[in-house]
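**Q** For reference, this is my_file12.cif, and it has mmCIF, C-alpha atoms.
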```cif
data_run
#
loop_
_atom_site.group_PDB
_atom_site.id
_atom_site.type_symbol
_atom_site.label_atom_id
_atom_site.label_comp_id
_atom_site.auth_asym_id
_atom_site.auth_seq_id
_atom_site.Cartn_x
_atom_site.Cartn_y
_atom_site.Cartn_z
ATOM 1 C CA MET A 1 -24.911 53.132 -28.783
ATOM 2 C CA SER A 2 -27.997 55.251 -29.532
ATOM 3 C CA THR A 3 -31.030 54.853 -27.273
ATOM 4 C CA HIS A 4 -33.367 56.603 -29.741
ATOM 5 C CA PRO A 5 -35.972 54.361 -31.390
ATOM 6 C CA ASP A 6 -35.767 53.953 -35.160
ATOM 7 C CA TYR A 7 -38.784 55.671 -36.726
ATOM 8 C CA ARG A 8 -37.850 54.870 -40.327
ATOM 9 C CA LEU A 9 -40.575 53.055 -42.269
ATOM 10 C CA SER A 10 -39.897 49.979 -44.331
ATOM 11 C CA GLN A 11 -41.082 49.819 -47.933
ATOM 12 C CA LEU A 12 -44.084 47.727 -46.855
ATOM 13 C CA ASP A 13 -44.873 50.212 -44.063
ATOM 14 C CA GLN A 14 -44.900 53.071 -46.571
ATOM 15 C CA LEU A 15 -47.096 51.189 -49.038
ATOM 16 C CA GLU A 16 -49.476 50.177 -46.269
ATOM 17 C CA ALA A 17 -49.690 53.764 -44.967
ATOM 18 C CA GLU A 18 -50.444 55.111 -48.448
ATOM 19 C CA SER A 19 -53.176 52.518 -49.028
ATOM 20 C CA ILE A 20 -54.774 53.119 -45.632
ATOM 21 C CA HIS A 21 -54.742 56.867 -46.326
ATOM 22 C CA ILE A 22 -56.597 56.238 -49.616
ATOM 23 C CA PHE A 23 -59.200 54.011 -47.923
ATOM 24 C CA ARG A 24 -59.885 56.649 -45.266
ATOM 25 C CA GLU A 25 -59.938 59.477 -47.815
ATOM 26 C CA VAL A 26 -62.523 57.689 -49.978
ATOM 27 C CA ALA A 27 -64.692 56.706 -46.996
ATOM 28 C CA ALA A 28 -64.788 60.370 -45.945
ATOM 29 C CA GLU A 29 -65.223 61.815 -49.430
ATOM 30 C CA PHE A 30 -67.716 59.549 -51.197
ATOM 31 C CA GLU A 31 -71.297 58.898 -50.228
ATOM 32 C CA LYS A 32 -71.477 55.189 -51.051
ATOM 33 C CA PRO A 33 -68.217 53.292 -51.676
ATOM 34 C CA VAL A 34 -67.901 49.550 -52.236
ATOM 35 C CA LEU A 35 -64.931 47.168 -52.409
ATOM 36 C CA MET A 36 -64.822 44.937 -55.485
ATOM 37 C CA PHE A 37 -63.762 41.467 -54.393
ATOM 38 C CA SER A 38 -62.660 38.547 -56.559
ATOM 39 C CA GLY A 39 -61.338 36.316 -53.773
ATOM 40 C CA GLY A 40 -57.778 36.459 -55.106
ATOM 41 C CA LYS A 41 -54.678 37.541 -53.219
ATOM 42 C CA ASP A 42 -54.922 41.234 -54.182
ATOM 43 C CA SER A 43 -58.518 41.692 -53.084
ATOM 44 C CA ILE A 44 -57.798 39.781 -49.860
ATOM 45 C CA VAL A 45 -54.867 42.142 -49.164
ATOM 46 C CA MET A 46 -57.315 44.993 -49.848
ATOM 47 C CA LEU A 47 -59.670 43.578 -47.225
ATOM 48 C CA ARG A 48 -56.815 43.393 -44.721
ATOM 49 C CA LEU A 49 -55.851 47.018 -45.450
ATOM 50 C CA ALA A 50 -59.478 48.161 -45.100
ATOM 51 C CA GLU A 51 -59.724 46.266 -41.829
ATOM 52 C CA LYS A 52 -56.651 48.107 -40.527
ATOM 53 C CA ALA A 53 -57.835 51.479 -41.850
ATOM 54 C CA PHE A 54 -60.999 51.460 -39.749
ATOM 55 C CA HIS A 55 -60.023 49.293 -36.773
ATOM 56 C CA PRO A 56 -61.518 48.864 -34.197
ATOM 57 C CA ALA A 57 -64.702 49.759 -36.119
ATOM 58 C CA LYS A 58 -65.990 47.475 -38.846
ATOM 59 C CA ILE A 59 -65.288 48.206 -42.510
ATOM 60 C CA PRO A 60 -67.892 50.912 -43.295
ATOM 61 C CA PHE A 61 -68.818 49.714 -46.787
ATOM 62 C CA PRO A 62 -69.900 46.417 -48.396
ATOM 63 C CA ILE A 63 -67.882 44.197 -50.693
ATOM 64 C CA LEU A 64 -69.083 43.351 -54.190
ATOM 65 C CA GLN A 65 -68.348 40.142 -56.023
ATOM 66 C CA ILE A 66 -69.237 39.521 -59.657
ATOM 67 C CA ASP A 67 -70.080 35.812 -59.675
ATOM 68 C CA ASN A 68 -69.226 34.417 -63.089
ATOM 69 C CA GLY A 69 -70.268 30.891 -62.103
ATOM 70 C CA LEU A 70 -66.793 29.626 -63.007
ATOM 71 C CA ASP A 71 -64.798 30.531 -59.900
ATOM 72 C CA PHE A 72 -62.613 27.955 -58.179
ATOM 73 C CA PRO A 73 -64.452 26.422 -55.174
ATOM 74 C CA GLU A 74 -61.395 27.028 -52.967
ATOM 75 C CA VAL A 75 -61.662 30.768 -53.692
ATOM 76 C CA MET A 76 -65.323 30.917 -52.710
ATOM 77 C CA GLU A 77 -64.656 29.023 -49.477
ATOM 78 C CA THR A 78 -61.933 31.524 -48.519
ATOM 79 C CA ARG A 79 -64.241 34.431 -49.402
ATOM 80 C CA ASP A 80 -66.938 33.115 -47.063
ATOM 81 C CA ARG A 81 -64.479 32.798 -44.152
ATOM 82 C CA TRP A 82 -63.299 36.394 -44.624
ATOM 83 C CA VAL A 83 -66.864 37.719 -44.801
ATOM 84 C CA GLU A 84 -67.810 35.877 -41.639
ATOM 85 C CA ARG A 85 -64.695 36.957 -39.709
ATOM 86 C CA LEU A 86 -64.989 40.646 -40.633
ATOM 87 C CA GLY A 87 -68.789 40.796 -40.401
ATOM 88 C CA VAL A 88 -68.859 42.771 -43.629
ATOM 89 C CA LYS A 89 -71.872 42.885 -45.949
ATOM 90 C CA LEU A 90 -71.423 40.865 -49.166
ATOM 91 C CA VAL A 91 -73.217 41.889 -52.358
ATOM 92 C CA VAL A 92 -73.102 39.264 -55.133
ATOM 93 C CA ALA A 93 -73.964 40.201 -58.723
ATOM 94 C CA SER A 94 -74.422 36.998 -60.694
ATOM 95 C CA ILE A 95 -73.842 36.679 -64.413
ATOM 96 C CA ASP A 96 -76.459 33.898 -64.523
ATOM 97 C CA ASP A 97 -78.934 36.331 -63.001
ATOM 98 C CA ALA A 98 -77.850 39.054 -65.446
ATOM 99 C CA ILE A 99 -78.492 36.651 -68.358
ATOM 100 C CA ALA A 100 -81.921 35.751 -66.967
ATOM 101 C CA ARG A 101 -82.795 39.452 -66.656
ATOM 102 C CA GLY A 102 -81.595 40.280 -70.170
ATOM 103 C CA ILE A 103 -78.782 42.552 -68.936
ATOM 104 C CA VAL A 104 -76.271 40.462 -70.893
ATOM 105 C CA ILE A 105 -76.706 37.944 -73.674
ATOM 106 C CA ASP A 106 -75.014 34.562 -73.543
ATOM 107 C CA ASP A 107 -74.398 33.695 -77.194
ATOM 108 C CA GLY A 108 -72.304 30.671 -76.301
ATOM 109 C CA LYS A 109 -69.219 32.278 -77.851
ATOM 110 C CA THR A 110 -68.459 35.216 -75.540
ATOM 111 C CA SER A 111 -66.459 34.302 -72.431
ATOM 112 C CA ARG A 112 -67.969 34.800 -68.983
ATOM 113 C CA ASN A 113 -65.136 37.209 -68.286
ATOM 114 C CA ARG A 114 -66.451 39.564 -70.971
ATOM 115 C CA LEU A 115 -69.942 39.337 -69.492
ATOM 116 C CA GLN A 116 -68.608 40.631 -66.173
ATOM 117 C CA THR A 117 -68.437 44.241 -67.370
ATOM 118 C CA PRO A 118 -72.154 44.939 -67.967
ATOM 119 C CA THR A 119 -72.975 42.890 -64.855
ATOM 120 C CA LEU A 120 -70.620 45.064 -62.806
ATOM 121 C CA LEU A 121 -71.917 48.340 -64.268
ATOM 122 C CA ASN A 122 -75.491 47.290 -63.600
ATOM 123 C CA ALA A 123 -74.649 46.389 -59.977
ATOM 124 C CA ILE A 124 -72.962 49.784 -59.452
ATOM 125 C CA GLU A 125 -75.959 51.611 -60.900
ATOM 126 C CA GLU A 126 -78.619 49.576 -59.094
ATOM 127 C CA ASN A 127 -76.895 49.962 -55.728
ATOM 128 C CA GLY A 128 -75.985 53.606 -56.263
ATOM 129 C CA PHE A 129 -72.272 53.059 -55.549
ATOM 130 C CA THR A 130 -70.278 56.246 -56.128
ATOM 131 C CA ALA A 131 -66.792 54.768 -55.642
ATOM 132 C CA ALA A 132 -65.592 51.200 -56.217
ATOM 133 C CA PHE A 133 -62.261 50.018 -54.776
ATOM 134 C CA GLY A 134 -60.323 47.646 -57.020
ATOM 135 C CA GLY A 135 -57.174 45.598 -56.459
ATOM 136 C CA GLY A 136 -55.459 46.546 -59.732
ATOM 137 C CA ARG A 137 -51.717 47.208 -59.657
ATOM 138 C CA ARG A 138 -49.597 49.126 -62.140
ATOM 139 C CA ASP A 139 -47.092 46.291 -62.576
ATOM 140 C CA GLU A 140 -49.746 43.818 -63.737
ATOM 141 C CA GLU A 141 -50.413 45.072 -67.227
ATOM 142 C CA LYS A 142 -49.685 48.161 -69.345
ATOM 143 C CA ALA A 143 -53.246 49.539 -69.350
ATOM 144 C CA ARG A 144 -53.245 49.402 -65.573
ATOM 145 C CA ALA A 145 -49.828 51.043 -65.536
ATOM 146 C CA LYS A 146 -51.224 54.302 -66.887
ATOM 147 C CA GLU A 147 -54.432 54.411 -64.849
ATOM 148 C CA ARG A 148 -54.647 56.816 -61.908
ATOM 149 C CA VAL A 149 -55.367 55.891 -58.274
ATOM 150 C CA TYR A 150 -58.685 57.747 -58.648
ATOM 151 C CA SER A 151 -59.991 56.570 -62.028
ATOM 152 C CA HIS A 152 -62.932 58.602 -63.265
ATOM 153 C CA ARG A 153 -65.778 56.755 -65.008
ATOM 154 C CA ASP A 154 -68.471 58.587 -66.964
ATOM 155 C CA GLU A 155 -72.226 58.015 -66.749
ATOM 156 C CA PHE A 156 -71.779 54.882 -68.902
ATOM 157 C CA GLY A 157 -69.048 53.479 -66.639
ATOM 158 C CA GLN A 158 -66.398 54.127 -69.294
ATOM 159 C CA TRP A 159 -62.776 55.144 -68.758
ATOM 160 C CA ASP A 160 -61.050 57.676 -71.026
ATOM 161 C CA PRO A 161 -57.265 57.103 -70.863
ATOM 162 C CA LYS A 162 -56.640 60.449 -72.624
ATOM 163 C CA ASN A 163 -58.627 62.449 -70.101
ATOM 164 C CA GLN A 164 -57.255 61.485 -66.692
ATOM 165 C CA ARG A 165 -56.963 63.801 -63.740
ATOM 166 C CA PRO A 166 -53.524 64.814 -62.416
ATOM 167 C CA GLU A 167 -52.500 63.373 -59.042
ATOM 168 C CA VAL A 168 -49.651 65.227 -57.339
ATOM 169 C CA TRP A 169 -48.544 65.073 -53.708
ATOM 170 C CA SER A 170 -51.239 62.418 -52.991
ATOM 171 C CA LEU A 171 -53.992 64.938 -53.795
ATOM 172 C CA TYR A 172 -56.944 63.256 -55.488
ATOM 173 C CA ASN A 173 -59.803 64.850 -57.409
ATOM 174 C CA GLY A 174 -63.043 63.072 -56.509
ATOM 175 C CA ARG A 175 -65.515 65.465 -58.137
ATOM 176 C CA LEU A 176 -68.392 63.674 -59.870
ATOM 177 C CA HIS A 177 -71.416 64.666 -61.905
ATOM 178 C CA GLU A 178 -74.769 62.920 -61.777
ATOM 179 C CA GLY A 179 -74.463 59.259 -62.818
ATOM 180 C CA GLU A 180 -70.660 59.170 -62.765
ATOM 181 C CA HIS A 181 -68.579 57.145 -60.348
ATOM 182 C CA MET A 182 -64.932 56.640 -59.437
ATOM 183 C CA ARG A 183 -62.806 53.501 -59.427
ATOM 184 C CA ILE A 184 -60.192 53.580 -56.669
ATOM 185 C CA PHE A 185 -56.953 51.560 -56.678
ATOM 186 C CA PRO A 186 -55.290 51.716 -53.225
ATOM 187 C CA ILE A 187 -52.557 49.183 -54.082
ATOM 188 C CA SER A 188 -51.776 50.653 -57.503
ATOM 189 C CA ASN A 189 -48.156 51.294 -56.487
ATOM 190 C CA TRP A 190 -47.577 47.769 -55.133
ATOM 191 C CA THR A 191 -45.845 45.009 -57.071
ATOM 192 C CA GLU A 192 -46.700 41.319 -57.052
ATOM 193 C CA LEU A 193 -43.689 40.773 -54.812
ATOM 194 C CA ASP A 194 -44.885 43.482 -52.389
ATOM 195 C CA VAL A 195 -48.230 41.698 -52.147
ATOM 196 C CA TRP A 196 -46.578 38.390 -51.295
ATOM 197 C CA ASP A 197 -44.232 40.022 -48.782
ATOM 198 C CA TYR A 198 -47.254 41.633 -47.120
ATOM 199 C CA ILE A 199 -49.191 38.347 -47.041
ATOM 200 C CA ARG A 200 -46.204 36.744 -45.303
ATOM 201 C CA ARG A 201 -45.734 39.629 -42.850
ATOM 202 C CA GLU A 202 -49.431 39.803 -41.930
ATOM 203 C CA GLN A 203 -49.976 36.017 -42.102
ATOM 204 C CA ILE A 204 -53.015 36.570 -44.315
ATOM 205 C CA GLU A 205 -55.205 33.623 -45.260
ATOM 206 C CA ILE A 206 -55.442 33.106 -49.039
ATOM 207 C CA PRO A 207 -56.964 30.301 -51.159
ATOM 208 C CA ASN A 208 -54.830 27.159 -51.026
ATOM 209 C CA ILE A 209 -54.636 26.956 -54.824
ATOM 210 C CA TYR A 210 -51.828 29.547 -54.620
ATOM 211 C CA PHE A 211 -49.625 26.819 -53.114
ATOM 212 C CA ALA A 212 -48.194 23.825 -54.960
ATOM 213 C CA HIS A 213 -50.570 20.877 -55.259
ATOM 214 C CA GLN A 214 -51.411 17.986 -57.549
ATOM 215 C CA ARG A 215 -53.963 18.796 -60.281
ATOM 216 C CA ARG A 216 -55.115 17.343 -63.596
ATOM 217 C CA VAL A 217 -54.183 19.878 -66.231
ATOM 218 C CA PHE A 218 -53.762 20.136 -69.985
ATOM 219 C CA GLU A 219 -51.956 22.571 -72.262
ATOM 220 C CA ARG A 220 -53.926 25.174 -74.216
ATOM 221 C CA ASP A 221 -52.467 28.241 -75.941
ATOM 222 C CA GLY A 222 -49.220 27.829 -74.025
ATOM 223 C CA MET A 223 -50.895 27.678 -70.607
ATOM 224 C CA LEU A 224 -51.738 24.847 -68.216
ATOM 225 C CA MET A 225 -55.508 24.740 -67.740
ATOM 226 C CA THR A 226 -57.498 22.825 -65.145
ATOM 227 C CA GLU A 227 -59.530 19.877 -66.403
ATOM 228 C CA THR A 228 -63.059 20.095 -64.997
ATOM 229 C CA PRO A 229 -66.563 19.388 -66.369
ATOM 230 C CA LEU A 230 -66.769 23.177 -66.913
ATOM 231 C CA ASN A 231 -63.490 23.179 -68.822
ATOM 232 C CA PRO A 232 -63.042 19.813 -70.566
ATOM 233 C CA CYS A 233 -60.242 18.909 -72.937
ATOM 234 C CA ARG A 234 -60.817 19.662 -76.602
ATOM 235 C CA ASP A 235 -59.773 17.453 -79.492
ATOM 236 C CA GLY A 236 -56.032 16.834 -79.325
ATOM 237 C CA GLU A 237 -55.664 17.966 -75.698
ATOM 238 C CA VAL A 238 -54.523 15.395 -73.150
ATOM 239 C CA ALA A 239 -54.810 15.889 -69.381
ATOM 240 C CA SER A 240 -52.245 14.624 -66.916
ATOM 241 C CA GLU A 241 -51.553 15.107 -63.233
ATOM 242 C CA ARG A 242 -48.825 17.641 -62.447
ATOM 243 C CA THR A 243 -47.561 19.664 -59.503
ATOM 244 C CA VAL A 244 -48.804 23.196 -60.061
ATOM 245 C CA ARG A 245 -49.956 26.356 -58.354
ATOM 246 C CA PHE A 246 -51.875 29.482 -59.407
ATOM 247 C CA ARG A 247 -50.453 33.005 -59.534
ATOM 248 C CA THR A 248 -53.870 34.589 -60.000
ATOM 249 C CA CYS A 249 -57.497 33.555 -59.535
ATOM 250 C CA GLY A 250 -60.454 34.074 -61.846
ATOM 251 C CA ASP A 251 -62.611 32.340 -64.413
ATOM 252 C CA MET A 252 -61.275 28.766 -64.386
ATOM 253 C CA THR A 253 -61.756 28.446 -68.156
ATOM 254 C CA LEU A 254 -59.343 31.344 -68.749
ATOM 255 C CA THR A 255 -56.966 31.175 -65.798
ATOM 256 C CA GLY A 256 -53.888 29.019 -66.178
ATOM 257 C CA CYS A 257 -51.539 27.648 -63.554
ATOM 258 C CA VAL A 258 -47.775 27.191 -63.527
ATOM 259 C CA GLU A 259 -45.673 24.159 -62.720
ATOM 260 C CA SER A 260 -44.206 24.799 -59.291
ATOM 261 C CA THR A 261 -43.187 23.044 -56.102
ATOM 262 C CA ALA A 262 -43.507 26.228 -53.999
ATOM 263 C CA SER A 263 -45.618 25.134 -51.049
ATOM 264 C CA THR A 264 -44.736 27.855 -48.525
ATOM 265 C CA LEU A 265 -44.822 31.652 -48.618
ATOM 266 C CA ASP A 266 -41.019 31.768 -48.484
ATOM 267 C CA GLU A 267 -40.783 29.463 -51.515
ATOM 268 C CA ILE A 268 -43.396 31.456 -53.454
ATOM 269 C CA ILE A 269 -41.543 34.712 -52.745
ATOM 270 C CA ALA A 270 -38.272 33.154 -53.900
ATOM 271 C CA GLU A 271 -40.033 32.020 -57.101
ATOM 272 C CA ILE A 272 -41.650 35.420 -57.776
ATOM 273 C CA SER A 273 -38.349 37.224 -57.121
ATOM 274 C CA VAL A 274 -36.855 35.744 -60.291
ATOM 275 C CA ALA A 275 -40.011 35.644 -62.441
ATOM 276 C CA ARG A 276 -39.752 37.531 -65.763
ATOM 277 C CA LEU A 277 -43.495 37.654 -66.474
ATOM 278 C CA THR A 278 -46.283 39.207 -64.399
ATOM 279 C CA GLU A 279 -48.996 36.888 -63.172
ATOM 280 C CA ARG A 280 -51.456 38.210 -65.780
ATOM 281 C CA GLY A 281 -48.989 37.838 -68.620
ATOM 282 C CA ALA A 282 -48.161 34.293 -67.551
ATOM 283 C CA THR A 283 -51.572 32.876 -66.685
ATOM 284 C CA ARG A 284 -54.514 34.992 -67.934
ATOM 285 C CA GLY A 285 -55.904 33.978 -71.291
ATOM 286 C CA ASP A 286 -58.244 36.988 -71.433
ATOM 287 C CA ASP A 287 -55.232 39.314 -71.784
ATOM 288 C CA ARG A 288 -54.019 37.508 -74.891
ATOM 289 C CA PHE A 289 -56.848 38.352 -77.247
ATOM 290 C CA SER A 290 -54.965 41.437 -78.466
ATOM 291 C CA GLU A 291 -52.200 43.865 -77.465
ATOM 292 C CA ALA A 292 -54.797 46.291 -76.139
ATOM 293 C CA ALA A 293 -57.218 43.724 -74.663
ATOM 294 C CA MET A 294 -57.161 45.119 -71.129
ATOM 295 C CA GLU A 295 -57.342 48.766 -72.216
ATOM 296 C CA ASP A 296 -60.299 48.023 -74.484
ATOM 297 C CA ARG A 297 -62.128 46.281 -71.651
ATOM 298 C CA LYS A 298 -61.364 49.086 -69.203
ATOM 299 C CA LYS A 299 -62.759 51.635 -71.672
ATOM 300 C CA GLU A 300 -65.961 49.573 -71.634
ATOM 301 C CA GLY A 301 -66.078 49.646 -67.831
ATOM 302 C CA TYR A 302 -64.100 46.591 -66.775
ATOM 303 C CA PHE A 303 -62.396 46.375 -63.349
#
```
Can the structure from this file be put into structure tokens for me?

**A**
Amino acid sequence: MSTHPDYRLSQLDQLEAESIHIFREVAAEFEKPVLMFSGGKDSIVMLRLAEKAFHPAKIPFPILQIDNGLDFPEVMETRDRWVERLGVKLVVASIDDAIARGIVIDDGKTSRNRLQTPTLLNAIEENGFTAAFGGGRRDEEKARAKERVYSHRDEFGQWDPKNQRPEVWSLYNGRLHEGEHMRIFPISNWTELDVWDYIRREQIEIPNIYFAHQRRVFERDGMLMTETPLNPCRDGEVASERTVRFRTCGDMTLTGCVESTASTLDEIIAEISVARLTERGATRGDDRFSEAAMEDRKKEGYF
């Protein structure tokens, strides 16, 4: 029997090491990074990775949330607990504030999700952020599948999918000109299942809406939507109480839930293991506007 310790890394160990390397590389390379934070499972995993990357010091950059005014209360409560525990600075850019300042125009027809982009770009410019971490993963959606870990944005915050920089042997090109910035995706190579496995391994706190619970919902465009005063039923829609959970968090008027009885991390992982649709494909109405909806928004400067 061998007495040598086993130094082989598990898949999660390798993914974690790569992400931590990216966090440290960006913190050393860029003058003013920020971590974009939605309060969902991916951005919470990002916070955990950033915490590990700089432990025992505090995370050396703030987190930025674009408040669309339509977030689930459970998500905001979890965000506040994470901010308090880590002692990290929170910057909130509000769409309501952006409307009041004339940065965006609320015509009553455009979704709050679409108004996030100019609000985000304005927050990056006003705060002088040169790099913005995001929790996007390649397995979520095809536009994200072809985006690099270091995603260059021009002086207008726009992404050019035909002009991306090569990334070989984990070598990243962070050169910027005046007014440009970089989006950074440390968990780009993770899958939804990797994220859930990591949450279970690290015992990470996430909003309780990810677990099965009773909720009044109604069907719209093939998805189960939450009935609230902000998202009432339309003519012909009927709400009923069902056992559901969310696979992703966001604007409650566009984010659907799925029928599920998965109330533990083990049950969620078993459910995800056999899922045929990504969480965005299954529950995000904003990705259904067109085949290229996400790519079009990313060209405009979206997350």

**Q** What would the selection look like, as an NGL selection string, if the PyMOL selection byres ((chain A and resi 91-98) around 6) were run on the coordinates I just shared?

**A** :A and (64-68 or 90 or 99-101 or 103-104)

**Q** Closest to A:Glu25 among A:Ala123, A:Val217, A:Ala131, A:Val168, using all atoms listed in the file?

**A**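 Nearest to A:Glu25: A:Ala131.
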
**Q** At a cut-off of 12 Å around the point (-43.1, 33.0, -53.4) (file coordinates), what residues fall inside when counting only C-alpha atoms? I'd like the answer as a PyMOL selection string.

**A** chain A and resi 192-200+210-212+245-247+260-275

**Q** Quick one: apply the PyMOL selection byres ((chain A and resi 248) around 9) to the file and drop the selected residues here as a ChimeraX atom specification.

**A** /A:40-42,210,246-247,249-250,255-257,279-280,283-284

**Q** What is the atom CA of A:Gly134 to atom CA of A:Arg201 distance in Å?

**A** 21.9 Å

**Q** Report as a compact mmCIF listing (two decimals) with C-alpha atoms, in the frame of the given file the full result of the PyMOL selection byres ((chain A and resi 163) around 12) when it is applied to this structure.

**A**
```
# COMPACT_ATOMS: atom_id res chain seq x y z
CA LYS A 146 -51.22 54.30 -66.89
CA GLU A 147 -54.43 54.41 -64.85
CA ARG A 148 -54.65 56.82 -61.91
CA SER A 151 -59.99 56.57 -62.03
CA HIS A 152 -62.93 58.60 -63.26
CA ARG A 153 -65.78 56.76 -65.01
CA ASP A 154 -68.47 58.59 -66.96
CA GLN A 158 -66.40 54.13 -69.29
CA TRP A 159 -62.78 55.14 -68.76
CA ASP A 160 -61.05 57.68 -71.03
CA PRO A 161 -57.26 57.10 -70.86
CA LYS A 162 -56.64 60.45 -72.62
CA GLN A 164 -57.26 61.48 -66.69
CA ARG A 165 -56.96 63.80 -63.74
CA PRO A 166 -53.52 64.81 -62.42
CA LYS A 299 -62.76 51.64 -71.67
```

**Q** Measuring atom to atom with only C-alpha atoms, identify which of A:Gln11, A:Ser240, A:Thr278, A:Ser19 is nearest to A:Ala50.

**A** A:Ser19

**Q** Could you give me, as a ChimeraX atom specification, the residues within 12 Å of A:Gly135, counting only C-alpha atoms and dropping anything in the same chain fewer than 4 positions from it?

**A** /A:19,35-50,139-140,144,149,183-192,195,303

**Q** May I ask for the distance between atom CA of A:Glu167 and atom CA of A:Glu141, given in Å to one decimal place?

**A** 20.2 Å

**Q** Could you jot down the atom CA of A:Gly69 to atom CA of A:Leu254 separation for me, Å, one decimal place?

**A**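 Between these atoms lies a distance of 12.8 Å.
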
**Q** Considering all atoms listed in the file, can you say which of A:Lys298, A:Arg85, A:Lys109, A:His181 comes closest to A:Glu31?

**A**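 Closest residue, counting all atoms listed in the file: A:His181.
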
**Q** Can you list, as a PDB file with C-alpha atoms, in the coordinates of the input, every protein, DNA or RNA residue that comes within 10 Å of A:Pro33 when you count all atoms listed in the file, leaving out same-chain residues fewer than 2 positions away?

**A**
```
ATOM      1  CA  PHE A  23     -59.200  54.011 -47.923  1.00  0.00           C
ATOM      2  CA  VAL A  26     -62.523  57.689 -49.978  1.00  0.00           C
ATOM      3  CA  ALA A  27     -64.692  56.706 -46.996  1.00  0.00           C
ATOM      4  CA  ALA A  28     -64.788  60.370 -45.945  1.00  0.00           C
ATOM      5  CA  GLU A  29     -65.223  61.815 -49.430  1.00  0.00           C
ATOM      6  CA  PHE A  30     -67.716  59.549 -51.197  1.00  0.00           C
ATOM      7  CA  GLU A  31     -71.297  58.898 -50.228  1.00  0.00           C
ATOM      8  CA  LEU A  35     -64.931  47.168 -52.409  1.00  0.00           C
ATOM      9  CA  MET A  36     -64.822  44.937 -55.485  1.00  0.00           C
ATOM     10  CA  PRO A  60     -67.892  50.912 -43.295  1.00  0.00           C
ATOM     11  CA  PHE A  61     -68.818  49.714 -46.787  1.00  0.00           C
ATOM     12  CA  PRO A  62     -69.900  46.417 -48.396  1.00  0.00           C
ATOM     13  CA  ILE A  63     -67.882  44.197 -50.693  1.00  0.00           C
ATOM     14  CA  ILE A 124     -72.962  49.784 -59.452  1.00  0.00           C
ATOM     15  CA  GLY A 128     -75.985  53.606 -56.263  1.00  0.00           C
ATOM     16  CA  PHE A 129     -72.272  53.059 -55.549  1.00  0.00           C
ATOM     17  CA  THR A 130     -70.278  56.246 -56.128  1.00  0.00           C
ATOM     18  CA  ALA A 131     -66.792  54.768 -55.642  1.00  0.00           C
ATOM     19  CA  ALA A 132     -65.592  51.200 -56.217  1.00  0.00           C
ATOM     20  CA  PHE A 133     -62.261  50.018 -54.776  1.00  0.00           C
ATOM     21  CA  HIS A 181     -68.579  57.145 -60.348  1.00  0.00           C
ATOM     22  CA  MET A 182     -64.932  56.640 -59.437  1.00  0.00           C
ATOM     23  CA  ARG A 183     -62.806  53.501 -59.427  1.00  0.00           C
ATOM     24  CA  ILE A 184     -60.192  53.580 -56.669  1.00  0.00           C
TER      25      ILE A 184
END
```

**Q** Which residue is closest to A:Val238? Choose from A:Glu51, A:Glu219, A:Asp107, A:Asp251 and count all atoms listed in the file.

**A** A:Glu219
